[in-house]
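Peer 1: File entry-v5.cif follows (mmCIF, C-alpha atoms):
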```cif
data_model
loop_
_atom_site.label_atom_id
_atom_site.label_comp_id
_atom_site.auth_asym_id
_atom_site.auth_seq_id
_atom_site.Cartn_x
_atom_site.Cartn_y
_atom_site.Cartn_z
CA MET A 243 110.25 95.52 13.71
CA PHE A 244 106.63 94.87 14.53
CA GLN A 245 107.46 91.47 16.12
CA ARG A 246 109.55 93.00 18.91
CA GLN A 247 106.87 95.50 19.81
CA TYR A 248 104.29 92.71 19.82
CA ASP A 249 106.51 90.67 22.20
CA ARG A 250 107.01 93.64 24.47
CA ILE A 251 103.26 94.35 24.61
CA ALA A 252 102.44 90.65 25.23
CA ALA A 253 105.04 90.52 28.03
CA GLY A 254 103.66 93.77 29.51
CA ILE A 255 100.11 92.42 29.46
CA SER A 256 101.05 89.12 31.12
CA ILE A 257 103.03 90.91 33.80
CA ALA A 258 100.10 93.21 34.42
CA LEU A 259 97.79 90.22 34.61
CA LEU A 260 100.10 88.48 37.07
CA ALA A 261 100.40 91.59 39.23
CA GLY A 262 96.63 91.95 39.21
CA LEU A 263 96.19 88.33 40.28
CA ALA A 264 98.73 88.69 43.07
CA GLY A 265 97.02 91.85 44.29
CA VAL A 266 93.57 90.29 44.29
CA SER A 267 94.69 87.16 46.14
CA TYR A 268 96.49 89.27 48.75
CA TYR A 269 93.38 91.37 49.12
CA LEU A 270 91.23 88.27 49.56
CA ALA A 271 93.63 86.81 52.16
CA GLU A 272 93.57 90.05 54.06
CA ILE A 273 89.80 90.20 54.03
CA SER A 274 89.36 86.63 55.23
CA SER A 275 91.85 86.93 58.10
CA ARG A 276 90.26 90.17 59.22
CA MET A 277 86.85 88.57 58.96
CA ASP A 278 87.50 85.62 61.27
CA ARG A 279 89.35 87.81 63.73
CA SER A 280 86.36 90.08 64.20
CA ALA A 281 83.78 87.31 64.05
CA GLY A 282 85.48 84.92 66.47
CA ALA A 283 87.03 85.90 69.86
CA SER A 284 88.42 89.15 68.62
CA ALA A 285 91.16 90.59 70.88
CA PRO A 286 89.58 89.01 73.97
CA ALA A 287 88.35 91.92 76.11
CA HIS A 288 89.29 91.83 79.77
CA GLU A 289 86.02 90.13 80.71
CA PRO A 290 85.66 87.71 83.60
CA ASP A 291 84.67 84.21 82.70
CA TYR A 292 83.63 83.20 86.24
CA PHE A 293 83.39 84.67 89.72
CA VAL A 294 83.29 83.17 93.20
CA GLU A 295 81.67 84.63 96.28
CA GLY A 296 82.81 83.91 99.84
CA LEU A 297 86.08 82.39 98.62
CA ALA A 298 88.55 80.47 100.84
CA LEU A 299 91.56 79.22 98.88
CA THR A 300 94.33 77.19 100.58
CA ARG A 301 97.65 76.80 98.79
CA LEU A 302 99.64 73.65 99.55
CA ASN A 303 103.40 73.29 99.24
CA ALA A 304 105.23 70.40 97.64
CA THR A 305 104.69 68.13 100.65
CA GLY A 306 101.00 68.92 100.76
CA GLN A 307 101.22 71.19 103.81
CA PRO A 308 99.03 74.31 103.67
CA VAL A 309 101.35 77.26 103.05
CA PHE A 310 98.91 80.11 103.04
CA ARG A 311 95.19 80.69 102.83
CA MET A 312 93.48 83.44 100.90
CA SER A 313 89.87 84.34 101.56
CA ALA A 314 87.87 87.09 99.85
CA ASP A 315 84.32 88.35 99.67
CA ARG A 316 84.37 88.01 95.89
CA MET A 317 86.80 86.85 93.23
CA GLN A 318 86.61 87.28 89.45
CA HIS A 319 88.79 85.28 87.05
CA PHE A 320 89.89 86.78 83.69
CA PRO A 321 90.76 84.23 80.92
CA ASP A 322 92.67 86.68 78.73
CA ASP A 323 95.62 86.91 81.13
CA ASP A 324 94.49 84.20 83.55
CA SER A 325 94.50 86.77 86.35
CA SER A 326 92.04 86.99 89.26
CA GLU A 327 90.74 90.05 91.10
CA PHE A 328 89.57 89.97 94.70
CA VAL A 329 87.35 92.13 96.89
CA ASN A 330 88.50 92.38 100.57
CA PRO A 331 91.16 89.69 100.23
CA VAL A 332 92.74 88.29 103.42
CA LEU A 333 95.99 86.31 103.19
CA VAL A 334 97.08 84.23 106.17
CA SER A 335 100.52 82.61 106.37
CA LEU A 336 100.08 79.19 107.92
CA ASP A 337 103.65 78.21 108.83
CA PRO A 338 103.37 76.58 112.31
CA ALA A 339 107.03 77.38 113.01
CA ARG A 340 106.39 81.09 112.85
CA PRO A 341 103.85 83.55 114.27
CA LEU A 342 100.70 84.09 112.26
CA ILE A 343 101.05 86.71 109.52
CA THR A 344 97.87 88.25 108.14
CA LEU A 345 97.65 90.53 105.10
CA ARG A 346 94.38 92.25 104.26
CA ALA A 347 93.37 94.89 101.74
CA GLU A 348 90.34 96.29 99.98
CA ARG A 349 91.33 95.04 96.52
CA GLY A 350 93.68 92.36 95.30
CA ARG A 351 94.86 91.04 91.95
CA ALA A 352 96.74 87.78 91.46
CA THR A 353 98.64 87.01 88.27
CA SER A 354 98.30 83.59 86.65
CA GLY A 355 99.70 80.86 88.87
CA GLY A 356 99.59 83.26 91.82
CA GLU A 357 103.32 84.07 91.74
CA GLN A 358 102.43 87.71 92.36
CA THR A 359 99.52 89.13 94.32
CA HIS A 360 99.03 92.89 94.24
CA LEU A 361 97.10 94.30 97.21
CA HIS A 362 95.64 97.80 97.03
CA ASP A 363 93.98 100.35 99.38
CA SER A 364 94.30 100.30 103.20
CA VAL A 365 96.60 97.35 103.15
CA GLN A 366 97.48 95.96 106.56
CA LEU A 367 100.16 93.43 107.39
CA THR A 368 99.94 92.07 110.94
CA ARG A 369 102.29 89.68 112.74
CA ALA A 370 100.29 88.34 115.67
CA ALA A 371 101.54 88.97 119.20
CA GLU A 372 103.55 86.00 120.48
CA GLY A 373 105.87 85.12 123.30
CA GLY A 374 105.07 88.23 125.29
CA GLN A 375 105.94 90.34 122.28
CA PRO A 376 103.32 92.83 121.12
CA ALA A 377 101.81 92.50 117.66
CA LEU A 378 103.63 94.16 114.76
CA ARG A 379 101.48 95.96 112.21
CA VAL A 380 102.35 97.65 108.92
CA ASP A 381 99.85 100.00 107.24
CA THR A 382 100.27 101.18 103.65
CA ASP A 383 98.22 101.54 100.48
CA TYR A 384 99.91 98.98 98.23
CA VAL A 385 101.78 95.71 98.80
CA LEU A 386 103.17 93.18 96.33
CA VAL A 387 103.09 89.66 97.80
CA LEU A 388 105.46 87.02 96.41
CA PRO A 389 104.23 83.84 98.13
CA GLN A 390 106.91 81.61 96.61
CA GLN A 391 109.68 83.76 98.13
CA ASP A 392 107.59 84.48 101.26
CA LEU A 393 108.11 88.22 100.67
CA ALA A 394 105.81 91.26 100.96
CA ARG A 395 107.15 94.45 99.45
CA THR A 396 106.09 98.03 98.74
CA ASP A 397 107.67 101.26 97.59
CA ARG A 398 104.90 103.33 99.18
CA PRO A 399 104.94 105.21 102.51
CA VAL A 400 104.43 102.86 105.44
CA ARG A 401 103.47 103.25 109.10
CA ILE A 402 104.64 100.50 111.44
CA THR A 403 103.29 100.09 114.94
CA HIS A 404 104.82 97.66 117.40
CA GLY A 405 103.49 97.81 120.93
CA ASP A 406 103.81 101.44 121.99
CA SER A 407 106.41 102.33 119.39
CA SER A 408 105.59 103.56 115.94
CA LEU A 409 107.70 104.22 112.88
CA THR A 410 107.06 105.77 109.48
CA GLY A 411 109.12 105.51 106.33
CA VAL A 412 108.91 105.01 102.60
CA GLY A 413 109.39 101.63 101.00
CA MET A 414 109.25 98.37 102.95
CA GLU A 415 110.15 94.72 102.51
CA PHE A 416 109.03 92.01 104.93
CA ASP A 417 110.84 88.71 104.61
CA ASN A 418 108.56 86.23 106.35
CA ALA A 419 111.11 83.41 106.18
CA ALA A 420 113.91 85.38 107.86
CA ARG A 421 111.41 87.43 109.86
CA VAL A 422 113.20 90.63 108.89
CA LEU A 423 111.43 93.91 108.11
CA LYS A 424 113.30 96.56 106.13
CA VAL A 425 112.24 100.16 105.60
CA GLN A 426 114.04 101.76 102.67
CA SER A 427 114.02 105.50 103.30
CA ARG A 428 113.02 108.49 105.38
CA VAL A 429 112.74 106.52 108.58
CA HIS A 430 111.30 108.27 111.63
CA GLY A 431 110.62 106.19 114.74
CA VAL A 432 109.21 107.00 118.17
CA TRP A 433 109.60 104.68 121.14
CA ALA A 434 107.47 105.57 124.16
CA ALA A 435 109.40 105.90 127.42
CA PRO A 436 109.77 102.63 129.30
CA ALA A 437 106.84 101.90 131.58
CA ALA A 438 107.00 104.23 134.60
CA ARG A 439 109.14 102.40 137.08
CA GLU B 258 119.14 115.54 132.76
CA ARG B 259 117.52 113.14 135.10
CA ALA B 260 114.15 113.76 133.46
CA ASP B 261 115.53 112.29 130.21
CA ARG B 262 114.91 108.84 131.59
CA ASP B 263 111.17 109.13 131.11
CA LYS B 264 111.25 110.85 127.75
CA PRO B 265 110.32 109.00 124.53
CA VAL B 266 113.08 108.11 122.10
CA ASN B 267 112.88 109.69 118.64
CA ILE B 268 115.05 108.28 115.86
CA GLU B 269 115.57 109.57 112.34
CA ALA B 270 117.60 107.62 109.79
CA ASP B 271 117.89 106.88 106.11
CA SER B 272 116.93 103.24 106.42
CA MET B 273 116.09 100.64 109.01
CA GLN B 274 116.16 96.88 109.37
CA TYR B 275 114.19 95.19 112.16
CA ASP B 276 114.93 91.59 113.06
CA ASP B 277 111.61 90.39 114.43
CA ALA B 278 113.12 87.18 115.81
CA LYS B 279 115.88 88.89 117.85
CA GLN B 280 113.93 92.14 118.28
CA VAL B 281 116.89 94.21 117.17
CA ASN B 282 116.51 97.41 115.12
CA VAL B 283 119.44 98.53 112.98
CA PHE B 284 119.29 102.09 111.66
CA THR B 285 121.71 103.23 109.01
CA GLY B 286 122.49 106.52 107.30
CA SER B 287 122.82 109.86 109.18
CA VAL B 288 121.12 108.52 112.26
CA THR B 289 119.99 110.91 114.98
CA LEU B 290 118.52 109.69 118.29
CA THR B 291 116.92 112.16 120.67
CA LYS B 292 115.58 111.37 124.13
CA GLY B 293 114.81 114.44 126.20
CA THR B 294 118.07 116.43 126.17
CA ILE B 295 120.08 113.44 124.93
CA LEU B 296 121.17 113.69 121.28
CA ILE B 297 123.16 110.96 119.56
CA ARG B 298 124.40 111.26 115.97
CA ALA B 299 125.91 108.28 114.19
CA ASP B 300 126.22 106.49 110.86
CA ARG B 301 124.73 103.31 112.27
CA LEU B 302 122.69 102.59 115.37
CA VAL B 303 121.70 99.22 116.75
CA LEU B 304 118.74 99.52 119.13
CA ARG B 305 117.46 96.77 121.39
CA GLN B 306 114.64 96.90 123.92
CA ASP B 307 114.30 94.49 126.81
CA ALA B 308 111.01 93.13 128.10
CA ALA B 309 110.80 95.95 130.68
CA GLY B 310 111.04 98.45 127.88
CA ASN B 311 114.56 99.69 128.64
CA GLN B 312 116.38 100.76 125.51
CA TYR B 313 119.96 99.84 124.69
CA GLY B 314 121.63 101.54 121.75
CA THR B 315 125.05 101.05 120.18
CA ALA B 316 126.03 103.83 117.80
CA HIS B 317 128.90 103.59 115.32
CA GLY B 318 130.28 106.59 113.53
CA ASN B 319 133.40 108.34 112.46
CA PRO B 320 133.02 109.54 115.13
CA ALA B 321 129.59 109.07 116.61
CA SER B 322 128.62 111.88 118.96
CA PHE B 323 126.58 112.16 122.17
CA ARG B 324 125.24 115.23 123.92
CA GLN B 325 123.24 115.64 127.11
CA LYS B 326 122.34 118.60 129.28
CA ARG B 327 123.38 118.33 132.87
CA ASP B 328 120.67 118.33 135.50
CA GLY B 329 119.58 121.81 136.56
CA VAL B 330 122.74 123.52 135.22
CA GLU B 331 123.26 125.31 131.90
CA GLN B 332 125.98 122.80 131.05
CA PHE B 333 126.28 120.12 128.42
CA ILE B 334 128.24 116.92 128.29
CA VAL B 335 129.47 116.27 124.75
CA GLY B 336 131.19 113.00 123.93
CA THR B 337 132.48 111.39 120.76
CA GLY B 338 133.91 108.02 119.90
CA GLN B 339 133.99 105.48 117.13
CA GLN B 340 131.47 103.52 119.17
CA ILE B 341 129.00 104.85 121.76
CA THR B 342 126.92 102.43 123.79
CA TYR B 343 123.89 103.83 125.62
CA ASP B 344 122.36 101.69 128.36
CA GLY B 345 118.87 102.99 129.11
CA LYS B 346 118.50 100.97 132.30
CA ALA B 347 121.78 101.87 134.02
CA GLU B 348 121.76 105.23 132.22
CA THR B 349 125.42 104.92 131.37
CA VAL B 350 127.10 105.92 128.14
CA ARG B 351 130.33 104.19 127.03
CA PHE B 352 132.57 105.96 124.54
CA GLU B 353 135.10 103.68 122.89
CA GLN B 354 138.02 104.06 120.43
CA ARG B 355 139.40 107.61 120.34
CA ALA B 356 136.89 108.65 122.90
CA THR B 357 136.60 112.25 124.04
CA LEU B 358 134.28 113.80 126.59
CA LYS B 359 133.88 117.54 127.06
CA ARG B 360 131.87 119.54 129.53
CA LEU B 361 130.56 122.70 127.90
CA GLU B 362 129.20 125.76 129.59
CA ARG B 363 127.42 127.92 127.07
CA GLU B 364 129.68 126.64 124.26
CA ARG B 365 132.84 127.12 126.37
CA VAL B 366 134.70 123.90 127.05
CA THR B 367 135.29 123.67 130.77
CA ASP B 368 136.72 120.16 131.00
CA GLU B 369 137.97 117.80 128.37
CA VAL B 370 138.97 114.17 128.59
CA HIS B 371 140.57 111.93 125.98
CA GLY B 372 141.03 108.21 126.36
CA ASN B 373 140.26 104.89 124.84
CA LEU B 374 137.27 104.09 126.98
CA ILE B 375 135.19 106.63 128.83
CA VAL B 376 132.17 105.54 130.80
CA TYR B 377 129.82 108.37 131.72
CA ASP B 378 127.11 107.73 134.30
CA SER B 379 124.45 110.27 133.46
CA ARG B 380 122.62 109.58 136.71
CA SER B 381 125.54 110.55 138.97
CA GLU B 382 127.12 112.65 136.22
CA PHE B 383 130.50 111.09 136.94
CA PHE B 384 132.76 109.61 134.30
CA ASP B 385 135.82 107.41 134.50
CA VAL B 386 138.46 107.06 131.83
CA ARG B 387 140.71 104.20 130.89
CA SER B 388 143.65 104.59 128.59
CA GLY B 389 144.18 102.36 125.64
CA GLY B 390 147.94 102.57 125.59
CA ALA B 391 149.78 102.98 122.31
CA SER B 392 147.09 101.17 120.43
CA ALA B 393 144.71 104.03 121.14
CA ALA B 394 147.14 106.75 120.07
CA THR B 395 145.45 109.60 118.30
CA PRO B 396 146.97 112.72 116.75
CA GLU B 397 146.08 114.84 119.77
CA ASN B 398 146.93 112.04 122.13
CA PRO B 399 150.02 110.29 120.72
CA GLY B 400 150.72 108.24 123.86
CA GLY B 401 147.21 106.90 123.87
CA ARG B 402 147.28 107.67 127.56
CA VAL B 403 144.52 109.37 129.38
CA ARG B 404 144.72 113.08 128.95
CA VAL B 405 142.57 115.31 131.04
CA VAL B 406 142.33 119.01 130.59
CA ILE B 407 140.55 120.79 133.37
CA GLN B 408 140.03 124.47 132.81
CA PRO B 409 140.43 126.77 135.82
CA LYS B 410 137.03 127.38 137.19
CA GLN B 411 135.95 131.04 136.94
CA ALA B 412 134.35 132.42 140.04
CA ALA B 413 131.30 130.43 139.32
CA PRO B 414 128.65 133.09 138.86
CA ALA B 415 126.36 132.05 141.67
CA GLU B 416 122.82 132.09 140.43
CA PRO B 417 122.08 135.49 142.04
CA ALA B 418 118.82 135.58 143.84
CA PRO B 419 117.01 138.64 142.48
CA THR B 420 118.71 141.20 144.75
CA PRO B 421 116.68 144.31 145.41
CA LEU B 422 118.16 147.16 143.36
CA THR B 423 119.05 150.33 145.22
CA PRO B 424 120.12 153.47 143.40
CA ALA B 425 123.91 154.02 143.61
CA GLN B 426 124.89 156.80 146.00
CA GLY B 427 127.99 157.79 144.01
CA ILE B 428 130.69 156.49 141.64
CA ASP B 429 133.31 154.51 143.43
CA PRO B 430 136.02 153.44 140.98
CA ALA B 431 137.53 151.02 143.49
CA ARG B 432 134.47 148.78 143.63
CA ARG B 433 133.37 147.97 140.14
#
```
Before anything else, please render the file you have as structure tokens.

Peer 2:
Amino acid sequence: MFQRQYDRIAAGISIALLAGLAGVSYYLAEISSRMDRSAGASAPAHEPDYFVEGLALTRLNATGQPVFRMSADRMQHFPDDDSSEFVNPVLVSLDPARPLITLRAERGRATSGGEQTHLHDSVQLTRAAEGGQPALRVDTDYVLVLPQQDLARTDRPVRITHGDSSLTGVGMEFDNAARVLKVQSRVHGVWAAPAAR
Amino acid sequence: ERADRDKPVNIEADSMQYDDAKQVNVFTGSVTLTKGTILIRADRLVLRQDAAGNQYGTAHGNPASFRQKRDGVEQFIVGTGQQITYDGKAETVRFEQRATLKRLERERVTDEVHGNLIVYDSRSEFFDVRSGGASAATPENPGGRVRVVIQPKQAAPAEPAPTPLTPAQGIDPARR
């Protein structure tokens, strides 16, 4: 009778020992992983790793032709998401086949690889006057630029001036390749009377 | 009115697409164009401007409508059609496909014209109508022929110069 109880107690003790060991090792693993996370680059804060002043960046396409140039008073690069922020960025589309398009803003942010550039605060898109046609200008407070698709897009209110006509609306997309400007909603346009004959 | 020619054009619409290469504006969605007393309503309006700044608009609607006050007279020209083309330079308005043109005097229709193509010259305020034959048959105009309804003119109330008022001497039932 005593033997069975002894076995049961021995088994209980060994299980308890084992559980204790497992617990301790887990605890140690947890401590060590937390330690090196805090000691090393803990969740990398959004800190710049370098900045450039008086920047002029020219992007080339596959055949080496300059596609567009971005200049800015100051640029900061952030390693954690490989993004860059710009002060007073100016984007110029350099396609010789088409009129010059300039995009300027007070602040800009480009994601890694530059597929997307967000422009904020007094953003201005200008298509230079050409062929007797007056300049076309779009004013808004935010524009998303997609250089690869040659698109500039916003969902914010826009004001468009073209010669002596002006138009306001909400939401805009400018397709630089097709040279088509779309305004999504609440369009109100005013065309001045033709020049007095 | 003649003065409309030098009035700015105002356009309201739901959305707009501007082709910068061809310089053509396409407005869609409850479009209204106003220029002086001219008012055009349509579902879709294509607007082009030539180098001299003259505007050309083609409105499509079901139907699109056009309204303009006549020069110096309390009368309106109201036209409708599936397609209305406004030529800012020649100041003509073409109404096509089930076109109608009415002359209204204080909301009373004085003349009415149905046809397939009506061209209204807002400078001379004349319009000519061409029938479309059977193809342009409409419920009110089964033959598709030109149908003109000219209301008998009332004794046009001449714009009375302010006549001096003299008290009536007596009641004379014969002269009202």

Peer 1: When the PyMOL selection byres ((chain B) within 8 of (chain A)) is applied to the structure above, which residues does it catch, written out as a PyMOL selection string?

Peer 2: chain B and resi 262-278+309-312

Peer 1: Could you tell me how far CA of Asp363 in chain A lies from CA of Val400 in chain A, in Å and to one decimal?

Peer 2: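 CA of Val400 in chain A lies 12.3 Å from CA of Asp363 in chain A.
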
Peer 1: Give me the result of the PyMOL selection byres ((chain A and resi 321) around 12) on this file, residue by residue, as a list of chain:residue names.

Peer 2: A:Ala283, A:Ala285, A:Pro286, A:Ala287, A:His288, A:Glu289, A:Pro290, A:Asp291, A:Tyr292, A:Phe293, A:Gln318, A:His319, A:Phe320, A:Asp322, A:Asp323, A:Asp324, A:Ser325, A:Ser326, A:Glu327, A:Thr353, A:Ser354

Peer 1: Counting only C-alpha atoms, I want the residues whose atoms come within 9 Å of (102.6, 95.8, 110.4) in the file frame, returned as a list in words.

Peer 2: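 In the file's frame, the residues around the point are Leu345, Gln366, Leu367, Thr368, Arg369, Ala377, Leu378, Arg379, Val380, Asp381, Thr382, Val400, Arg401, Ile402, Thr403 and His404 of chain A.
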
Peer 1: Using only C-alpha atoms and a cutoff of 6 Å, can you tell me which residues are near (123.8, 109.5, 114.0) in the file's coordinates, and write them out as a PyMOL selection string?

Peer 2: chain B and resi 287-289+297-300

Peer 1: Those same residues - C-alpha atoms - I'd like them written as a PDB file, in the coordinates of the input.

Peer 2:
```
ATOM      1  CA  SER B 287     122.820 109.860 109.180  1.00  0.00           C
ATOM      2  CA  VAL B 288     121.120 108.520 112.260  1.00  0.00           C
ATOM      3  CA  THR B 289     119.990 110.910 114.980  1.00  0.00           C
ATOM      4  CA  ILE B 297     123.160 110.960 119.560  1.00  0.00           C
ATOM      5  CA  ARG B 298     124.400 111.260 115.970  1.00  0.00           C
ATOM      6  CA  ALA B 299     125.910 108.280 114.190  1.00  0.00           C
ATOM      7  CA  ASP B 300     126.220 106.490 110.860  1.00  0.00           C
TER       8      ASP B 300
END
```

Peer 1: What would the selection look like, as a PyMOL selection string, if the PyMOL selection byres ((chain A and resi 331-334) around 12) were run on the coordinates I just shared?

Peer 2: chain A and resi 295-301+308-318+326-330+335-338+340-352+359-370+385+387-389+392+394+418

Peer 1: Just want the 6 Å neighbourhood of range 359-367 of chain B, counted on all atoms listed in the file, with same-chain residues fewer than 5 positions away dropped. Output as a PyMOL selection string.

Peer 2: chain B and resi 332-335+408

Peer 1: So the first atom is CA of Gln391 in chain A and the second is CA of Gln358 in chain A; what is the distance between them in Å, to one decimal place?

Peer 2: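 About the pair CA of Gln391 in chain A and CA of Gln358 in chain A: they are 10.1 Å apart.
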
Peer 1: Rounded to one decimal in Å, what is the spacing between CA of Asn282 in chain B and CA of Asp383 in chain A?

Peer 2: 23.8 Å

Peer 1: Of the candidates B:Asp385, B:Asp328, B:Asp307, B:Asp378, which one gets nearest to Thr357 in chain B if we count only C-alpha atoms?

Peer 2: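 Looking at the shortest contact to Thr357 in chain B, the residue is B:Asp385.
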
Peer 1: With only C-alpha atoms as the basis for distance, which of B:Leu302, B:Leu374, B:Pro320, B:Arg327 is at the shortest distance from Ala260 in chain B?

Peer 2: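 Under the stated criterion, the closest residue is B:Arg327.
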
Peer 1: Would you mind listing what lies within 8 Å of Val386 in chain B as a compact mmCIF listing (two decimals) with C-alpha atoms, in the frame of the given file, with all atoms listed in the file counted and same-chain residues fewer than 5 positions away left out?

Peer 2:
```txt
# COMPACT_ATOMS: atom_id res chain seq x y z
CA VAL B 370 138.97 114.17 128.59
CA HIS B 371 140.57 111.93 125.98
CA GLY B 372 141.03 108.21 126.36
CA ASN B 373 140.26 104.89 124.84
CA LEU B 374 137.27 104.09 126.98
CA ILE B 375 135.19 106.63 128.83
CA VAL B 376 132.17 105.54 130.80
CA VAL B 403 144.52 109.37 129.38
```
